[in-house]
Every structure is written in C-alpha cells, then in structure tokens.
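Trainee: Structure file input_19.csv, CSV, C-alpha atoms (C1' of nucleotides), is pasted below:
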```csv
chain,number,residue,atom,x,y,z
A,470,MET,CA,-43.6,90.4,79.1
A,471,SER,CA,-41.4,93.3,77.9
A,472,GLY,CA,-38.1,92.1,76.6
A,473,THR,CA,-37.2,89.0,74.7
A,474,LYS,CA,-34.4,86.9,76.0
A,475,PRO,CA,-31.2,88.1,74.3
A,476,LYS,CA,-29.9,85.7,71.7
A,477,ARG,CA,-26.5,84.2,71.7
A,478,ALA,CA,-23.8,86.2,69.9
A,479,ASP,CA,-23.3,83.6,67.1
A,480,ALA,CA,-27.1,83.5,66.5
A,481,ARG,CA,-27.3,87.2,66.1
A,482,ARG,CA,-24.3,87.2,63.7
A,483,ASN,CA,-25.8,84.4,61.6
A,484,GLU,CA,-29.1,86.2,61.3
A,485,LYS,CA,-27.5,89.2,59.9
A,486,THR,CA,-25.3,87.1,57.6
A,487,LEU,CA,-28.4,85.3,56.3
A,488,LEU,CA,-30.3,88.5,55.7
A,489,ASP,CA,-27.4,89.8,53.7
A,490,ALA,CA,-26.9,86.6,51.7
A,491,ALA,CA,-30.6,86.4,51.0
A,492,ALA,CA,-30.7,90.0,49.7
A,493,ALA,CA,-27.8,89.3,47.5
A,494,VAL,CA,-29.3,86.0,46.1
A,495,PHE,CA,-32.7,87.6,45.6
A,496,VAL,CA,-31.0,90.3,43.5
A,497,ALA,CA,-29.0,87.8,41.5
A,498,SER,CA,-31.6,85.0,41.0
A,499,GLY,CA,-35.0,86.4,42.1
A,500,VAL,CA,-37.1,85.8,45.1
A,501,ASP,CA,-37.7,82.3,43.9
A,502,ALA,CA,-34.2,81.3,44.5
A,503,PRO,CA,-33.9,77.9,46.4
A,504,VAL,CA,-33.4,78.1,50.1
A,505,ARG,CA,-30.3,76.0,49.7
A,506,ASP,CA,-28.6,78.6,47.6
A,507,ILE,CA,-29.1,81.2,50.3
A,508,ALA,CA,-27.8,78.9,53.0
A,509,ALA,CA,-24.8,78.1,50.8
A,510,LYS,CA,-24.1,81.8,50.1
A,511,ALA,CA,-24.3,82.5,53.8
A,512,GLY,CA,-22.0,79.6,54.5
A,513,VAL,CA,-24.6,78.1,56.9
A,514,GLY,CA,-26.5,74.9,57.1
A,515,MET,CA,-30.2,74.4,56.3
A,516,GLY,CA,-31.1,74.0,59.9
A,517,THR,CA,-29.8,77.4,60.7
A,518,ILE,CA,-31.7,79.1,58.1
A,519,TYR,CA,-34.9,77.5,59.2
A,520,ARG,CA,-34.4,78.2,62.8
A,521,HIS,CA,-34.1,81.9,62.1
A,522,PHE,CA,-36.8,82.0,59.5
A,523,PRO,CA,-39.3,79.2,59.9
A,524,THR,CA,-40.5,79.5,56.4
A,525,ARG,CA,-39.2,80.7,53.0
A,526,ALA,CA,-41.8,83.5,53.2
A,527,ASP,CA,-40.6,84.7,56.6
A,528,LEU,CA,-37.1,85.2,55.1
A,529,ILE,CA,-38.5,87.2,52.3
A,530,VAL,CA,-40.6,89.3,54.7
A,531,ALA,CA,-37.5,90.0,56.8
A,532,VAL,CA,-35.4,91.0,53.8
A,533,TYR,CA,-38.0,93.5,52.5
A,534,ARG,CA,-39.6,94.6,55.7
A,535,HIS,CA,-37.6,97.8,55.7
A,536,GLN,CA,-38.8,98.8,52.2
A,537,VAL,CA,-42.4,97.8,52.9
A,538,GLU,CA,-42.2,100.1,55.9
A,539,GLU,CA,-40.9,102.9,53.8
A,540,CYS,CA,-43.7,102.5,51.4
A,541,ALA,CA,-46.3,102.4,54.1
A,542,GLU,CA,-45.0,105.6,55.6
A,543,ALA,CA,-44.9,107.4,52.3
A,544,GLY,CA,-48.7,107.2,52.1
A,545,PRO,CA,-49.6,109.7,54.8
A,546,ALA,CA,-46.7,111.9,53.7
A,547,LEU,CA,-47.9,112.1,50.2
A,548,LEU,CA,-51.4,112.9,51.4
A,549,ALA,CA,-50.1,115.7,53.6
A,550,ALA,CA,-47.9,117.2,50.9
A,551,SER,CA,-50.5,117.4,48.2
A,552,ASP,CA,-53.9,119.1,48.1
A,553,ALA,CA,-55.2,116.7,45.4
A,554,PRO,CA,-55.9,113.4,47.2
A,555,HIS,CA,-56.3,111.4,44.1
A,556,ALA,CA,-52.9,112.6,42.9
A,557,ALA,CA,-51.5,111.4,46.2
A,558,LEU,CA,-53.2,108.0,45.6
A,559,ALA,CA,-51.7,107.8,42.1
A,560,GLN,CA,-48.2,108.6,43.4
A,561,TRP,CA,-48.4,106.1,46.2
A,562,ILE,CA,-49.6,103.4,43.8
A,563,ASP,CA,-46.6,104.2,41.6
A,564,LEU,CA,-44.3,103.8,44.5
A,565,PHE,CA,-45.8,100.4,45.3
A,566,VAL,CA,-45.6,99.3,41.7
A,567,ASP,CA,-42.0,100.3,41.5
A,568,PHE,CA,-41.2,98.3,44.6
A,569,LEU,CA,-42.8,95.2,43.2
A,570,VAL,CA,-41.5,95.5,39.7
A,571,THR,CA,-38.0,96.3,40.8
A,572,LYS,CA,-37.6,93.0,42.8
A,573,HIS,CA,-37.3,89.9,40.7
A,574,GLY,CA,-40.6,88.1,41.1
A,575,LEU,CA,-41.6,89.8,44.3
A,576,ALA,CA,-45.1,90.5,42.9
A,577,GLY,CA,-45.9,86.9,42.8
A,578,VAL,CA,-45.8,87.0,46.5
A,579,MET,CA,-48.9,89.2,46.7
A,580,GLN,CA,-50.9,86.2,45.5
A,581,GLY,CA,-50.6,84.3,48.7
A,582,ASP,CA,-52.0,80.9,47.9
A,583,GLY,CA,-52.7,80.2,51.5
A,584,PHE,CA,-52.2,82.7,54.3
A,585,ASP,CA,-48.4,82.9,54.1
A,586,SER,CA,-47.0,85.2,56.6
A,587,LEU,CA,-45.6,87.0,53.6
A,588,HIS,CA,-48.9,87.7,52.0
A,589,ALA,CA,-50.3,88.5,55.4
A,590,TYR,CA,-47.6,91.0,56.3
A,591,PHE,CA,-47.5,92.9,53.1
A,592,LEU,CA,-51.3,93.3,53.2
A,593,GLU,CA,-51.6,94.0,56.9
A,594,ARG,CA,-49.1,96.8,56.6
A,595,LEU,CA,-50.2,98.4,53.3
A,596,VAL,CA,-53.9,97.9,53.1
A,597,PRO,CA,-54.7,100.4,55.8
A,598,VAL,CA,-52.5,103.0,54.1
A,599,CYS,CA,-54.3,102.3,50.8
A,600,ALA,CA,-57.6,102.6,52.6
A,601,GLU,CA,-56.7,106.0,53.9
A,602,LEU,CA,-55.7,107.3,50.5
A,603,LEU,CA,-58.8,105.9,48.9
A,604,GLU,CA,-60.9,107.6,51.5
A,605,ALA,CA,-59.2,110.9,51.0
A,606,ALA,CA,-59.8,110.6,47.3
A,607,GLU,CA,-63.4,109.7,47.9
A,608,LEU,CA,-63.0,106.5,45.9
A,609,ILE,CA,-63.5,104.2,48.8
A,610,ALA,CA,-67.0,103.3,47.5
A,611,ARG,CA,-65.6,102.0,44.3
A,612,VAL,CA,-63.1,99.3,45.5
A,613,ARG,CA,-62.2,97.7,48.7
A,614,PRO,CA,-58.6,98.6,49.6
A,615,LEU,CA,-57.6,94.9,49.8
A,616,GLU,CA,-59.0,94.3,46.4
A,617,LEU,CA,-57.1,97.1,44.9
A,618,MET,CA,-53.8,96.0,46.5
A,619,ARG,CA,-54.2,92.5,45.2
A,620,GLY,CA,-55.2,93.7,41.8
A,621,VAL,CA,-52.1,96.0,41.5
A,622,GLY,CA,-50.0,93.2,42.9
A,623,ASN,CA,-51.3,90.8,40.3
A,624,LEU,CA,-50.8,93.3,37.5
A,625,CYS,CA,-47.1,93.5,38.4
A,626,VAL,CA,-46.4,89.8,38.0
A,627,GLY,CA,-44.0,89.1,35.3
A,628,ALA,CA,-43.3,92.7,34.5
A,629,GLU,CA,-39.6,92.8,35.1
A,630,ASP,CA,-37.4,93.2,32.0
A,631,ASN,CA,-40.3,92.4,29.8
A,632,PRO,CA,-40.5,94.9,27.0
A,633,ASP,CA,-43.9,93.5,26.0
A,634,TYR,CA,-45.6,94.1,29.3
A,635,ASP,CA,-45.7,97.4,31.0
A,636,ALA,CA,-47.3,96.9,34.3
A,637,ARG,CA,-47.1,100.6,35.1
A,638,ARG,CA,-49.3,101.5,32.2
A,639,LEU,CA,-51.9,98.9,33.1
A,640,VAL,CA,-52.0,100.0,36.7
A,641,GLY,CA,-52.4,103.5,35.4
A,642,LEU,CA,-55.4,102.4,33.4
A,643,LEU,CA,-56.9,100.7,36.4
A,644,ILE,CA,-56.5,103.8,38.5
A,645,ALA,CA,-58.0,105.9,35.7
A,646,GLY,CA,-60.9,103.5,35.6
A,647,LEU,CA,-61.4,104.2,39.2
A,648,ARG,CA,-62.2,107.8,38.6
A,649,ALA,CA,-64.6,107.3,35.6
B,156,MET,CA,-47.2,66.6,4.2
B,157,SER,CA,-50.9,66.0,4.2
B,158,GLY,CA,-51.9,63.2,6.7
B,159,THR,CA,-50.2,62.1,9.9
B,160,LYS,CA,-49.6,58.5,10.3
B,161,PRO,CA,-52.6,57.0,12.0
B,162,LYS,CA,-52.1,56.0,15.6
B,163,ARG,CA,-52.6,52.6,17.0
B,164,ALA,CA,-56.0,51.9,18.4
B,165,ASP,CA,-54.9,51.7,22.1
B,166,ALA,CA,-53.0,54.9,21.7
B,167,ARG,CA,-56.1,56.7,20.5
B,168,ARG,CA,-58.1,55.2,23.2
B,169,ASN,CA,-55.7,56.2,25.9
B,170,GLU,CA,-55.4,59.7,24.6
B,171,LYS,CA,-59.2,60.2,25.1
B,172,THR,CA,-59.1,58.5,28.5
B,173,LEU,CA,-56.4,60.8,29.6
B,174,LEU,CA,-58.2,63.9,28.4
B,175,ASP,CA,-61.3,62.9,30.3
B,176,ALA,CA,-59.4,62.0,33.4
B,177,ALA,CA,-57.5,65.3,33.3
B,178,ALA,CA,-60.6,67.3,32.9
B,179,ALA,CA,-62.2,65.5,35.8
B,180,VAL,CA,-59.2,66.0,38.0
B,181,PHE,CA,-58.8,69.6,37.1
B,182,VAL,CA,-62.4,70.2,38.1
B,183,ALA,CA,-61.9,68.4,41.4
B,184,SER,CA,-58.4,69.6,42.4
B,185,GLY,CA,-57.6,72.5,40.1
B,186,VAL,CA,-55.1,72.8,37.2
B,187,ASP,CA,-52.3,72.4,39.6
B,188,ALA,CA,-53.1,68.8,40.3
B,189,PRO,CA,-50.1,66.4,40.2
B,190,VAL,CA,-49.5,64.6,37.0
B,191,ARG,CA,-49.5,61.4,38.9
B,192,ASP,CA,-53.1,61.9,40.0
B,193,ILE,CA,-54.2,62.2,36.5
B,194,ALA,CA,-52.3,59.1,35.4
B,195,ALA,CA,-53.9,57.2,38.3
B,196,LYS,CA,-57.4,58.5,37.5
B,197,ALA,CA,-56.9,57.3,33.9
B,198,GLY,CA,-55.5,54.0,35.1
B,199,VAL,CA,-52.3,54.6,33.0
B,200,GLY,CA,-48.6,54.8,33.7
B,201,MET,CA,-46.5,57.9,33.8
B,202,GLY,CA,-44.8,57.0,30.6
B,203,THR,CA,-48.1,57.0,28.7
B,204,ILE,CA,-49.2,60.4,29.9
B,205,TYR,CA,-45.8,61.9,28.9
B,206,ARG,CA,-45.8,60.3,25.5
B,207,HIS,CA,-49.1,61.8,24.7
B,208,PHE,CA,-48.5,65.1,26.3
B,209,PRO,CA,-44.8,65.9,26.6
B,210,THR,CA,-45.4,68.4,29.3
B,211,ARG,CA,-47.8,69.2,32.0
B,212,ALA,CA,-48.7,72.3,30.1
B,213,ASP,CA,-49.5,70.4,26.9
B,214,LEU,CA,-52.0,68.4,28.7
B,215,ILE,CA,-53.7,71.5,30.0
B,216,VAL,CA,-53.7,73.0,26.6
B,217,ALA,CA,-55.3,69.9,25.2
B,218,VAL,CA,-58.0,69.9,27.8
B,219,TYR,CA,-59.0,73.5,27.3
B,220,ARG,CA,-58.3,73.9,23.6
B,221,HIS,CA,-62.0,73.6,22.7
B,222,GLN,CA,-63.0,76.3,25.1
B,223,VAL,CA,-60.2,78.6,24.0
B,224,GLU,CA,-61.4,78.1,20.5
B,225,GLU,CA,-64.9,79.0,21.4
B,226,CYS,CA,-63.7,82.2,23.1
B,227,ALA,CA,-61.7,83.1,20.1
B,228,GLU,CA,-64.6,82.6,17.7
B,229,ALA,CA,-66.9,84.7,19.9
B,230,GLY,CA,-64.8,87.8,19.2
B,231,PRO,CA,-65.7,88.4,15.6
B,232,ALA,CA,-69.3,87.2,16.3
B,233,LEU,CA,-69.8,89.8,19.0
B,234,LEU,CA,-68.3,92.5,16.8
B,235,ALA,CA,-70.7,91.6,14.0
B,236,ALA,CA,-73.7,91.4,16.3
B,237,SER,CA,-73.2,94.8,17.9
B,238,ASP,CA,-72.9,98.3,16.4
B,239,ALA,CA,-71.0,99.5,19.5
B,240,PRO,CA,-67.5,98.1,19.1
B,241,HIS,CA,-66.4,98.9,22.6
B,242,ALA,CA,-69.4,97.1,24.0
B,243,ALA,CA,-68.3,94.1,22.0
B,244,LEU,CA,-64.9,94.4,23.5
B,245,ALA,CA,-66.3,94.6,27.0
B,246,GLN,CA,-68.5,91.5,26.4
B,247,TRP,CA,-65.6,89.6,25.0
B,248,ILE,CA,-63.4,90.4,27.9
B,249,ASP,CA,-66.1,89.3,30.2
B,250,LEU,CA,-66.2,86.0,28.4
B,251,PHE,CA,-62.5,85.6,28.8
B,252,VAL,CA,-62.6,86.5,32.4
B,253,ASP,CA,-65.4,84.0,33.0
B,254,PHE,CA,-63.4,81.3,31.4
B,255,LEU,CA,-60.3,82.0,33.5
B,256,VAL,CA,-62.1,82.5,36.8
B,257,THR,CA,-64.3,79.4,36.3
B,258,LYS,CA,-61.4,77.0,36.1
B,259,HIS,CA,-59.5,76.4,39.3
B,260,GLY,CA,-56.3,78.2,38.9
B,261,LEU,CA,-56.3,78.4,35.1
B,262,ALA,CA,-55.4,82.1,35.3
B,263,GLY,CA,-52.0,81.3,36.7
B,264,VAL,CA,-51.3,79.8,33.4
B,265,MET,CA,-51.3,83.1,31.6
B,266,GLN,CA,-48.2,84.1,33.4
B,267,GLY,CA,-46.0,81.7,31.5
B,268,ASP,CA,-42.6,81.9,33.2
B,269,GLY,CA,-40.8,80.7,30.2
B,270,PHE,CA,-42.4,80.1,26.9
B,271,ASP,CA,-44.6,77.2,27.9
B,272,SER,CA,-46.6,75.8,25.1
B,273,LEU,CA,-49.6,76.7,27.2
B,274,HIS,CA,-48.9,80.3,27.5
B,275,ALA,CA,-47.9,80.4,23.9
B,276,TYR,CA,-51.1,78.7,22.7
B,277,PHE,CA,-53.5,80.8,24.7
B,278,LEU,CA,-51.8,84.0,23.6
B,279,GLU,CA,-51.4,83.0,20.0
B,280,ARG,CA,-55.0,82.2,19.6
B,281,LEU,CA,-56.5,85.0,21.6
B,282,VAL,CA,-54.2,88.0,21.0
B,283,PRO,CA,-55.3,88.5,17.4
B,284,VAL,CA,-58.9,88.4,18.4
B,285,CYS,CA,-58.2,90.9,21.1
B,286,ALA,CA,-56.4,93.1,18.5
B,287,GLU,CA,-59.3,93.0,16.2
B,288,LEU,CA,-61.7,94.2,18.9
B,289,LEU,CA,-59.3,96.9,20.1
B,290,GLU,CA,-59.0,98.2,16.6
B,291,ALA,CA,-62.7,98.3,16.0
B,292,ALA,CA,-63.1,100.1,19.3
B,293,GLU,CA,-60.4,102.5,18.3
B,294,LEU,CA,-58.5,101.8,21.4
B,295,ILE,CA,-55.5,100.1,19.8
B,296,ALA,CA,-53.4,103.1,20.4
B,297,ARG,CA,-53.8,102.8,24.1
B,298,VAL,CA,-52.7,99.3,24.8
B,299,ARG,CA,-51.0,96.5,23.0
B,300,PRO,CA,-53.3,93.5,22.7
B,301,LEU,CA,-50.8,91.2,24.2
B,302,GLU,CA,-50.4,93.5,27.1
B,303,LEU,CA,-54.1,93.7,27.8
B,304,MET,CA,-54.5,90.0,27.6
B,305,ARG,CA,-51.7,89.4,30.1
B,306,GLY,CA,-53.1,92.1,32.3
B,307,VAL,CA,-56.5,90.6,32.4
B,308,GLY,CA,-55.1,87.2,32.9
B,309,ASN,CA,-53.1,88.5,35.8
B,310,LEU,CA,-56.0,90.2,37.4
B,311,CYS,CA,-57.9,86.9,37.4
B,312,VAL,CA,-55.4,85.0,39.4
B,313,GLY,CA,-56.7,83.9,42.8
B,314,ALA,CA,-60.3,85.1,42.0
B,315,GLU,CA,-62.1,81.8,42.5
B,316,ASP,CA,-64.3,81.4,45.5
B,317,ASN,CA,-62.7,84.5,47.0
B,318,PRO,CA,-65.3,86.8,48.4
B,319,ASP,CA,-62.6,89.5,49.0
B,320,TYR,CA,-61.4,89.7,45.5
B,321,ASP,CA,-63.7,90.3,42.6
B,322,ALA,CA,-61.6,90.0,39.4
B,323,ARG,CA,-64.5,91.0,37.2
B,324,ARG,CA,-64.9,94.3,38.9
B,325,LEU,CA,-61.2,95.1,38.6
B,326,VAL,CA,-61.1,94.1,35.0
B,327,GLY,CA,-64.1,96.3,34.5
B,328,LEU,CA,-62.2,99.2,35.9
B,329,LEU,CA,-59.2,98.5,33.7
B,330,ILE,CA,-61.5,98.5,30.6
B,331,ALA,CA,-63.1,101.7,31.9
B,332,GLY,CA,-59.7,103.3,32.2
B,333,LEU,CA,-59.0,102.4,28.6
B,334,ARG,CA,-61.8,104.7,27.5
B,335,ALA,CA,-60.9,107.7,29.7
C,521,DT,C1',-10.3,78.5,85.4
C,522,DA,C1',-13.1,74.5,84.6
C,523,DA,C1',-17.3,72.3,84.1
C,524,DC,C1',-21.8,72.4,82.5
C,525,DC,C1',-25.9,72.8,79.6
C,526,DA,C1',-29.3,75.6,77.1
C,527,DT,C1',-28.8,77.4,72.8
C,528,DA,C1',-27.5,77.1,68.2
C,529,DC,C1',-25.4,74.6,64.4
C,530,DG,C1',-24.9,71.4,60.1
C,531,DG,C1',-26.4,68.6,56.8
C,532,DA,C1',-28.4,64.1,55.8
C,533,DG,C1',-33.0,62.8,55.0
C,534,DC,C1',-38.1,63.1,54.0
C,535,DA,C1',-42.0,64.0,51.1
C,536,DG,C1',-43.9,65.9,47.0
C,537,DT,C1',-43.1,67.8,42.5
C,538,DG,C1',-42.3,67.3,37.0
C,539,DT,C1',-39.9,64.5,33.9
C,540,DT,C1',-37.0,60.6,31.8
C,541,DC,C1',-35.6,56.0,30.8
C,542,DC,C1',-35.9,51.4,29.4
C,543,DG,C1',-37.5,46.7,29.8
C,544,DT,C1',-42.0,44.6,28.7
C,545,DT,C1',-46.3,44.1,26.2
C,546,DT,C1',-49.3,44.4,22.2
C,547,DA,C1',-51.7,45.9,17.9
C,548,DG,C1',-51.7,45.3,13.3
C,549,DC,C1',-49.8,43.4,9.3
C,550,DA,C1',-47.7,39.8,6.1
D,403,DT,C1',-48.9,32.4,13.2
D,404,DG,C1',-45.0,35.4,13.7
D,405,DC,C1',-42.8,39.6,13.7
D,406,DT,C1',-41.8,44.3,14.7
D,407,DA,C1',-42.8,49.1,15.3
D,408,DA,C1',-45.6,51.3,18.4
D,409,DA,C1',-47.2,51.9,22.9
D,410,DC,C1',-47.1,50.9,27.7
D,411,DG,C1',-45.9,51.0,32.9
D,412,DG,C1',-43.6,52.5,36.6
D,413,DA,C1',-39.1,52.7,38.9
D,414,DA,C1',-35.8,56.2,39.1
D,415,DC,C1',-33.9,61.0,38.7
D,416,DA,C1',-33.4,65.9,39.8
D,417,DC,C1',-35.1,69.5,42.2
D,418,DT,C1',-38.0,71.6,45.4
D,419,DG,C1',-39.3,73.2,50.7
D,420,DC,C1',-38.8,71.6,55.1
D,421,DT,C1',-37.6,68.4,59.4
D,422,DC,C1',-34.8,65.9,62.6
D,423,DC,C1',-31.2,64.9,65.6
D,424,DG,C1',-26.5,64.2,66.8
D,425,DT,C1',-22.8,67.6,67.5
D,426,DA,C1',-20.5,71.9,68.8
D,427,DT,C1',-20.2,76.1,71.5
D,428,DG,C1',-21.3,80.6,74.0
D,429,DG,C1',-21.9,82.2,78.4
D,430,DT,C1',-22.9,81.4,83.1
D,431,DT,C1',-21.9,79.5,87.4
D,432,DA,C1',-19.0,77.2,91.0
```
For this file, write the structure as structure tokens.

Mentor:
Amino acid sequence: MSGTKPKRADARRNEKTLLDAAAAVFVASGVDAPVRDIAAKAGVGMGTIYRHFPTRADLIVAVYRHQVEECAEAGPALLAASDAPHAALAQWIDLFVDFLVTKHGLAGVMQGDGFDSLHAYFLERLVPVCAELLEAAELIARVRPLELMRGVGNLCVGAEDNPDYDARRLVGLLIAGLRA
Amino acid sequence: MSGTKPKRADARRNEKTLLDAAAAVFVASGVDAPVRDIAAKAGVGMGTIYRHFPTRADLIVAVYRHQVEECAEAGPALLAASDAPHAALAQWIDLFVDFLVTKHGLAGVMQGDGFDSLHAYFLERLVPVCAELLEAAELIARVRPLELMRGVGNLCVGAEDNPDYDARRLVGLLIAGLRA
DNA sequence: TAACCATACGGAGCAGTGTTCCGTTTAGCA
DNA sequence: TGCTAAACGGAACACTGCTCCGTATGGTTA
C-alpha cells in the first residue's frame, strides 16, 4: 500500500523528457499545441506520451503542477504577512491572474467542459485557499469560492498579448465589486 | 451598387431551411453542434451549407443576428426611458447576459480566437451601444467598452445549467466594481 | 553470462471535427 | 424546348485527440 513499484529506467527518463518538451512547446505554441508536436519535440512516439499522461489534460497538469502548488502555498503566507485580509485576497488573486495570463491559453483550461482532470486539479487545489482568504476578509457570504475562481479564470481568457483587453483591470473591478 | 442580383428560388428556399434547421439544432445540441448535423437536419449537402455560410461562424451569426439587433436597439431605448443612466447600463448588461447564457454555449463565441466574422459582428454591433451607455453613466473613463463586453462575455462562459456558477451575480459584481 | 518476460516503446490507424472540390442537377430565360 | 449560369450533394482532405498492437528492451533470475 505504501510504495509504488519503481518504473523502468527508460520510462523515468522519457517522462522527464516529455515534461521538458511539453513545457517548451507550451511556451512556443501555447497550451493548445497538438499532442503530436510534443511527442515529436521529445523524440518519442504517440503511444509513449499517452502511456505516461492518459490525456492531454494530464500532461498540462503535470507541467504546471509545481506552479499551482506555489500559488496555493502563497495564500496562507500572504494572509499571515498582512493584517488586512482583503489586501491579502487581492494580492493572491493577482498572483493567480498572473499565472493564468502568463501562460499561453492556460486560462481556457479553467472552463473544464466536462470534469477534465485538469479542471478538477486546479480547482481542488486552489478553491480551498480561496475560501480561506474570502473567509478572512469576511466576504465569504458574497461569493462561493469556486464561483470566484471560475469567474477570474474566465476573465483571463484571451488576455495574453492583447492590448485591447486587460484582464487584470477587470478582475480588479470584480474584486472591488465584492467589497461594495 | 444598389441591388444584389436576386438569388434563384431554390437557393432562397434552402437558405431559410438552413437557418431554421440550425436554430433547432443549436437549441437541441448547443452552438457547438457539428455542421454535418445541421446539414442533415436541413436535408441538404455539405456543399450547400458552405455556399450559403462560408464558415461555421457565419451561420451562427445569421441565426442570432436578429436577437443581437434587438439587444443593440434596447440600449438607446433603456437610456431614454430611465433618468438614471447607470441603471440603464445595468439593465442593458442584464439583457446581454441573458442572451448569452440562454443560448447553449453562445458565450464561448465572444472569445474569438482569431477575427471570426462572428466575434467581429457581435462586437461591431454591440460595442458602440455599450460605449453610449458607459458615457451616459460617466463611467467611460473606467473601462473601454470593448473590454467590458469581452469581460462580460467571458464571465458568461459555462454558466448554463450550472448551479455552481452564477454568471449574473459575477457580472453584477463587476458592474458594482465599476462604480466604486 | 544467457535466457526470459513484464514493461515500455513507436507509429499506423480510428473517429470526429471544419472545410474544399468538382461532377451533376436544375431554375429561369430566350 | 434548349441552354447555361447558378446551385446542389457528398466524397475527400487536413487536422485534431486518442487507441491498438506488434516490436524492442531493461532488469531479474537461473
């Protein structure tokens, strides 16, 4: 029950290669890049990619897991560092927005059509953090955390390199509205 | 320059048939329904559908043009009927949100990846109306109309039949934030 | 060291999109 | 009644995500 059976050496090597290739391709062509491109970049067959990451979404999760984790951990930290809980909330939301806007098309991922593992993972990890911040700021009565997360995610769609659409400002308005 | 050459009778008939079929399919299966389904429902070949509507998006535009028009016309009307411009703005936004949320997946359309005719049409028609309302409410300095429209559109994505996500409330918060 | 086999690999192939192409049919006119 | 521009139908293409299965190989065991 405790340890998973160790993988073969080549498998472990390929997993890392794939993660690196995916990260590179995502930066170059966005998170919507075809799976084939990633396999090609990694010099690996389609079968390999799908054995390691059963779904496109799983690969994306794996690539960004570290950063999601960072964002999640920043929540309590901000709360502890500041004596104005709503300032902490605002800062945390900023962090989240930066994360989404920075990655080519990542925001689109927050609108999980079904229950992609991706959608699920992001939300599972970040919603509780959001809840904690909302509670501290005494705003929990005004939105459900999940709702706020999805809303912010939605607002970030299509924001990258778009001079006509400043997601940060709109999110700022949304948060301002929360305190009205 | 004045009149377009009149179409053949069968062409006119087919255009109407297609519009009706598309409307029906959109209601049943959402705006993402495959083009093939619409052609089948209309009892028409793929060639026909694409001659009338060069692109998926053009078909959607055609189906909803009437309602977009209604929404656009409602703007000045609301402004004239009320002496509180920001109330008129709020009401108009409500109308717009209803329109988007009501139609299976229509909101997704506001995030034109490229310059779809769809995206273009919606925005072309509605942005000026939005601008007028913002100006009347003296809020024009706080957001660009295009930005607000896109933001509202984004917030509406995935709102249909979703008890965990109330787009109307979030849009309400956004508008509230606008006045803070 | 050699043989064995569970584990992992590669990539052709499937199913589902939007869109194009072109041979066939037909409406409307002379 | 013919003729032709206009319109039609649907097979085929390009591009997705994903699956399947024959082949190769790491690592264990005799």

Trainee: Define the interface residues of chain B facing chain D as those within 9 Å, counting all atoms listed in the file, and report them as a list of chain:residue names.

Mentor: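 Using all atoms listed in the file, chain B residues at most 9 Å from chain D: B:Lys162, B:Arg163, B:Asp165, B:Ala166, B:Val199, B:Gly200, B:Met201, B:Gly202, B:Thr203, B:Arg206.
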
Trainee: Taking all atoms listed in the file into account, report as JSON, numbers by chain which residues of chain C lie within 8 Å of chain B.

Mentor: {"C": [537, 538, 547]}

Trainee: Any idea which chain A residues end up within 8 Å of chain B if we count all atoms listed in the file, as a list in words please?

Mentor: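 So the contacting residues turn out to be Gln580, Asp582, Leu615, Glu616, Leu617, Arg619, Gly620, Asn623, Leu624, Val626, Gly627, Asp633, Tyr634, Asp635, Ala636, Leu639, Val640, Gly641, Leu642, Leu643, Ile644, Ala645, Gly646, Leu647 and Ala649 of chain A.
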
Trainee: So how far away is C1' of DT527 (chain C) from CA of Arg481 (chain A), in Å?

Mentor: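 C1' of DT527 (chain C) lies at a distance of 12.0 Å from CA of Arg481 (chain A).
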
Trainee: Report the distance between C1' of DG548 (chain C) and CA of Leu173 (chain B) in Å, rounded to one decimal place.

Mentor: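 Interatomic distance, C1' of DG548 (chain C) to CA of Leu173 (chain B): 23.0 Å.
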
Trainee: Work out how far apart CA of Ala605 (chain A) and CA of Leu575 (chain A) are and give it in Å to one decimal.

Mentor: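 Here the two named atoms are 28.3 Å from each other.
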
Trainee: What's around Ser237 (chain B) at 12 Å? Count all atoms listed in the file, leave out sequence neighbours fewer than 5 positions away in its own chain, and write the answer as a list in words.

Mentor: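 Near Ser237 (chain B), the qualifying residues are Gly230, Pro231, Ala232, Ala242, Ala243, Leu244, Ala245, Gln246, Trp247, Leu288, Ala291 and Ala292 of chain B.
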
Trainee: Report as a PyMOL selection string all protein, DNA and RNA residues lying within 12 Å of Gln222 (chain B), evaluated on all atoms listed in the file, omitting residues in the same chain fewer than 3 positions from it.

Mentor: chain B and resi 215-219+225-229+250-251+253-255+257-258+277+280-281
